[in-house]
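Student: Encoded as structure tokens, here's the structure I'll be asking about.
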Amino acid sequence: MKKLICLLMIGVLALTLFACNAQKAPVSEGEAPQSAVATQPAATQPGETTMAASKEKVVRDPDKVYEYETRVIWCENNGNRIYGEAYIPISETETKFPLVIHAHGMGSNIEAGEGYCKRYAEKGFAGYSFDFPGGSRPGTENMSDGDPMKNSAVTEASDLQAILDSAMTWDFVDTDRVFLEGGSMGGLVATMVGLDNVDRIAGMILHYPALYMPQAITSRYSSPEEVPETLSFGDDYALGRVWATDLWGVDVVSRLNTFNKPVTIIQGSDDQLVAASSIEEASHLFPNAEFHLIEGAGHGFGGDDFEAAVKYGLDYLYQNT
């Protein structure tokens, strides 16, 4: 049986899947120390009330640090309960805030977006990070329902769509200023959902997005029938064939020119999984996109690279809210 160990994109025109023997722990796409101003989590259900969002631009002081509350919010899609946490600024003058929904990458979990969301909340932007159903590798905690053997970018896009729909009803959300953010495969998923919701979202923040994953799959297999029942990503991580077959015929790149909202793409120069050159070229296909290259960064941002990514994200949010 053919085994698929790692999916990566090497260039724009020639994208292939290759096997690698070394196991790799899931990359945390963004982690920051627990904020001293965060309050204790309080469980709740998705927002019950809907209020008209302000259409006036809110000018925020970049030097101001907000306290924030952490709220557990469950969503549901296709019979699966989806666990997520919202980080909501506390303000005496504002009741609704721009929202960033973070989609984690393959094999990761809620922690991948937690650091970004908390840093955004400290600056007056709400954030929501969650566990994709079936989207984490063994040994990585995932509070959502779901079977990894049924997980794919298409099922995750459906999950993210359900979360977006639910978020539009949350009582703390400025529905005119909802942004999607995602890393790696989560960046692909965010783009898929963003393309289908151009008129509903305000823009996207993409970290090393795996935009060429569909092409990489079709370059590895000549037809969906050739895809084996089980795809192995190391000794302890297996996914079902739908992970590959669901993306058959999907072409995200050809639709990028239809997304007319602002986009910022943050990429590491030394990323060995998503080629920086291909993503930079793809960035030019968006009508309104900025491309930021973090020199020396790989696939996943930590330390100074994380700080740089947060700054790019915050600069984007200040400019577009």
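FYI, nothing fancy with the structure tokens labels: chains A, B, ... in order, residues from 1 per chain, ligands from 1 as they appear.
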Considering only C-alpha atoms, return as a VMD selection string whatever protein or nucleic-acid residues lie within 8 Å of A:Pro224, sequence-local ones (same chain, fewer than 5 positions apart) excluded.
Tutor: chain A and resid 244 to 245 248
Student: List every residue of stretch 279-305 of chain A that has an atom at most 10 Å from any atom of stretch 197-216 of chain A, giving for each one its closest atom pair and the distance in Å to one decimal, counting only C-alpha atoms, sorted by chain and then by ascending residue number, as CSV.
Tutor:
```
residue,atom,partner,partner_atom,distance
A:Ile279,CA,A:Tyr208,CA,7.4
A:Glu280,CA,A:Tyr208,CA,9.9
A:Ala282,CA,A:Leu211,CA,8.3
A:Asn288,CA,A:Gly203,CA,9.7
A:Ala289,CA,A:Met204,CA,9.3
A:Glu290,CA,A:Ile205,CA,9.8
A:Phe291,CA,A:Leu206,CA,9.6
A:His292,CA,A:His207,CA,9.7
A:Leu293,CA,A:Tyr208,CA,9.8
A:Gly298,CA,A:Tyr208,CA,9.1
A:His299,CA,A:Tyr208,CA,7.0
A:Gly300,CA,A:Tyr208,CA,8.0
A:Phe301,CA,A:His207,CA,9.0
```
Student: Please produce a file of the residues just selected, as a PDB file, in the first residue's frame, where the atoms kept are C-alpha atoms.
Tutor:
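Generated output (part35.pdb):
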```pdb
ATOM      1  CA  ILE A 279       3.167  31.519  -1.955  1.00  0.00           C
ATOM      2  CA  GLU A 280       4.700  34.858  -2.866  1.00  0.00           C
ATOM      3  CA  ALA A 282       0.160  33.269  -5.339  1.00  0.00           C
ATOM      4  CA  ASN A 288      -5.560  43.303  -2.534  1.00  0.00           C
ATOM      5  CA  ALA A 289      -2.862  41.360  -0.697  1.00  0.00           C
ATOM      6  CA  GLU A 290       0.376  42.027   1.144  1.00  0.00           C
ATOM      7  CA  PHE A 291       3.133  39.434   1.384  1.00  0.00           C
ATOM      8  CA  HIS A 292       5.478  39.435   4.368  1.00  0.00           C
ATOM      9  CA  LEU A 293       8.569  37.235   4.416  1.00  0.00           C
ATOM     10  CA  GLY A 298      10.394  27.805   8.928  1.00  0.00           C
ATOM     11  CA  HIS A 299       6.998  26.106   8.953  1.00  0.00           C
ATOM     12  CA  GLY A 300       5.593  27.458  12.197  1.00  0.00           C
ATOM     13  CA  PHE A 301       6.490  30.623  14.039  1.00  0.00           C
TER      14      PHE A 301
END
```
Student: Which polymer residues have any atom within 12 Å of an atom of A:Glu225, counting only C-alpha atoms, with same-chain residues fewer than 3 positions away left out, as a PyMOL selection string?
Tutor: chain A and resi 218+221-222+228-229+241-242+244-246+248
Student: At what distance in Å, to one decimal, does atom CA of A:Gly115 lie from atom CA of A:Glu307?
Tutor: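 Distance between the two atoms: 10.1 Å.
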Student: I'd like to know which of A:Tyr87, A:Arg81, A:Pro98, A:Glu92 is closest to A:Pro133, using only C-alpha atoms.
Tutor: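 Counting only C-alpha atoms, the residue closest to A:Pro133 is A:Arg81.
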Student: Please report, as number ranges by chain, each residue of stretch 183-243 of chain A to which DSSP assigns helix (DSSP H, G or I) when run on this structure's backbone.
Tutor: A: 185-195, 213-220, 224-226, 242-243
Student: Which residue out of A:Asn151, A:Thr191, A:Thr264, A:Asn77 has the minimum interatomic distance to A:Thr230 when only C-alpha atoms are used?
Tutor: A:Asn151
Student: Env of A:Pro62: 10 Å cut, atoms = only C-alpha atoms, seq-sep filter 6 positions within chain, self excluded. Answer as JSON, numbers by chain.
Tutor: {"A": [122, 123, 124, 314, 315, 318]}
Student: Take the residues that were just selected and, keeping N, CA and C atoms, output them as a PDB file, in the first residue's frame.
Tutor:
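The result, written out as out-v8.pdb:
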```
ATOM      1  N   GLU A 122      -5.630  41.446  23.599  1.00  0.00           N
ATOM      2  CA  GLU A 122      -4.961  42.473  24.401  1.00  0.00           C
ATOM      3  C   GLU A 122      -4.938  43.825  23.701  1.00  0.00           C
ATOM      4  N   LYS A 123      -5.192  43.815  22.390  1.00  0.00           N
ATOM      5  CA  LYS A 123      -5.191  45.047  21.611  1.00  0.00           C
ATOM      6  C   LYS A 123      -6.583  45.432  21.112  1.00  0.00           C
ATOM      7  N   GLY A 124      -7.613  44.783  21.646  1.00  0.00           N
ATOM      8  CA  GLY A 124      -8.972  45.196  21.339  1.00  0.00           C
ATOM      9  C   GLY A 124      -9.662  44.435  20.238  1.00  0.00           C
ATOM     10  N   LEU A 314      -1.413  42.397  13.694  1.00  0.00           N
ATOM     11  CA  LEU A 314      -1.993  43.560  14.345  1.00  0.00           C
ATOM     12  C   LEU A 314      -1.973  44.782  13.429  1.00  0.00           C
ATOM     13  N   ASP A 315      -0.878  44.976  12.701  1.00  0.00           N
ATOM     14  CA  ASP A 315      -0.822  46.083  11.749  1.00  0.00           C
ATOM     15  C   ASP A 315      -1.952  45.979  10.733  1.00  0.00           C
ATOM     16  N   TYR A 318      -5.320  46.831  12.559  1.00  0.00           N
ATOM     17  CA  TYR A 318      -5.455  48.281  12.772  1.00  0.00           C
ATOM     18  C   TYR A 318      -5.845  48.970  11.466  1.00  0.00           C
TER      19      TYR A 318
END
```
Student: Extract, using only C-alpha atoms, all DNA, RNA and protein residues at most 10 Å from A:Asn78, discarding same-chain residues fewer than 4 positions from it, and format them as a list in words.
Tutor: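 In the requested form, the answer reads Gly146, Thr155, Ser158, Asp159 and Ala162 of chain A.
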Student: From a DSSP calculation on the backbone, collect every residue of stretch 120-170 of chain A in strand (DSSP E) and output the set as a PyMOL selection string.
Tutor: chain A and resi 126-130
Student: I want to know what sits within 10 Å of A:Thr95, based on only C-alpha atoms, with residues of the same chain fewer than 3 positions away left out; could you give that as a PyMOL selection string?
Tutor: chain A and resi 51+53+88-92+171-174
Student: May I have the residues from that selection written out with N, CA and C atoms, as a compact mmCIF listing (two decimals), in the first residue's frame?
Tutor:
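After the write, selection_3.txt holds the following:
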```txt
# COMPACT_ATOMS: atom_id res chain seq x y z
N MET A 51 -26.94 42.05 17.68
CA MET A 51 -27.11 43.50 17.66
C MET A 51 -26.40 44.03 16.43
N ALA A 53 -23.96 45.79 14.18
CA ALA A 53 -22.56 46.16 14.39
C ALA A 53 -22.32 47.59 13.91
N ILE A 88 -12.10 37.70 24.54
CA ILE A 88 -12.94 38.87 24.30
C ILE A 88 -12.43 40.05 25.11
N PRO A 89 -12.05 41.14 24.45
CA PRO A 89 -11.57 42.32 25.18
C PRO A 89 -12.65 42.84 26.14
N ILE A 90 -12.20 43.44 27.22
CA ILE A 90 -13.09 44.06 28.18
C ILE A 90 -12.95 45.58 28.03
N SER A 91 -14.10 46.23 27.79
CA SER A 91 -14.08 47.66 27.54
C SER A 91 -15.31 48.31 28.15
N GLU A 92 -15.12 49.52 28.68
CA GLU A 92 -16.25 50.27 29.23
C GLU A 92 -17.03 50.99 28.15
N ASP A 171 -22.84 37.68 20.73
CA ASP A 171 -23.20 39.02 21.17
C ASP A 171 -22.04 40.00 21.26
N PHE A 172 -20.80 39.53 21.19
CA PHE A 172 -19.65 40.43 21.30
C PHE A 172 -18.99 40.73 19.95
N VAL A 173 -19.58 40.24 18.87
CA VAL A 173 -18.93 40.32 17.56
C VAL A 173 -19.47 41.47 16.71
N ASP A 174 -18.55 42.28 16.19
CA ASP A 174 -18.87 43.26 15.17
C ASP A 174 -18.92 42.51 13.85
```
Student: I need the residue nearest A:Asp131 from this list: A:Gly84, A:Gly234, A:Gly107, A:Pro148. Use only C-alpha atoms for the distance.
Tutor: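 Looking only at the distances to A:Asp131, the closest residue turns out to be A:Gly84.
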Student: Just the residues within 8 Å of A:Tyr237, please, counting only C-alpha atoms, with nothing from its chain fewer than 4 positions along; format it as a count of residues only.
Tutor: 4
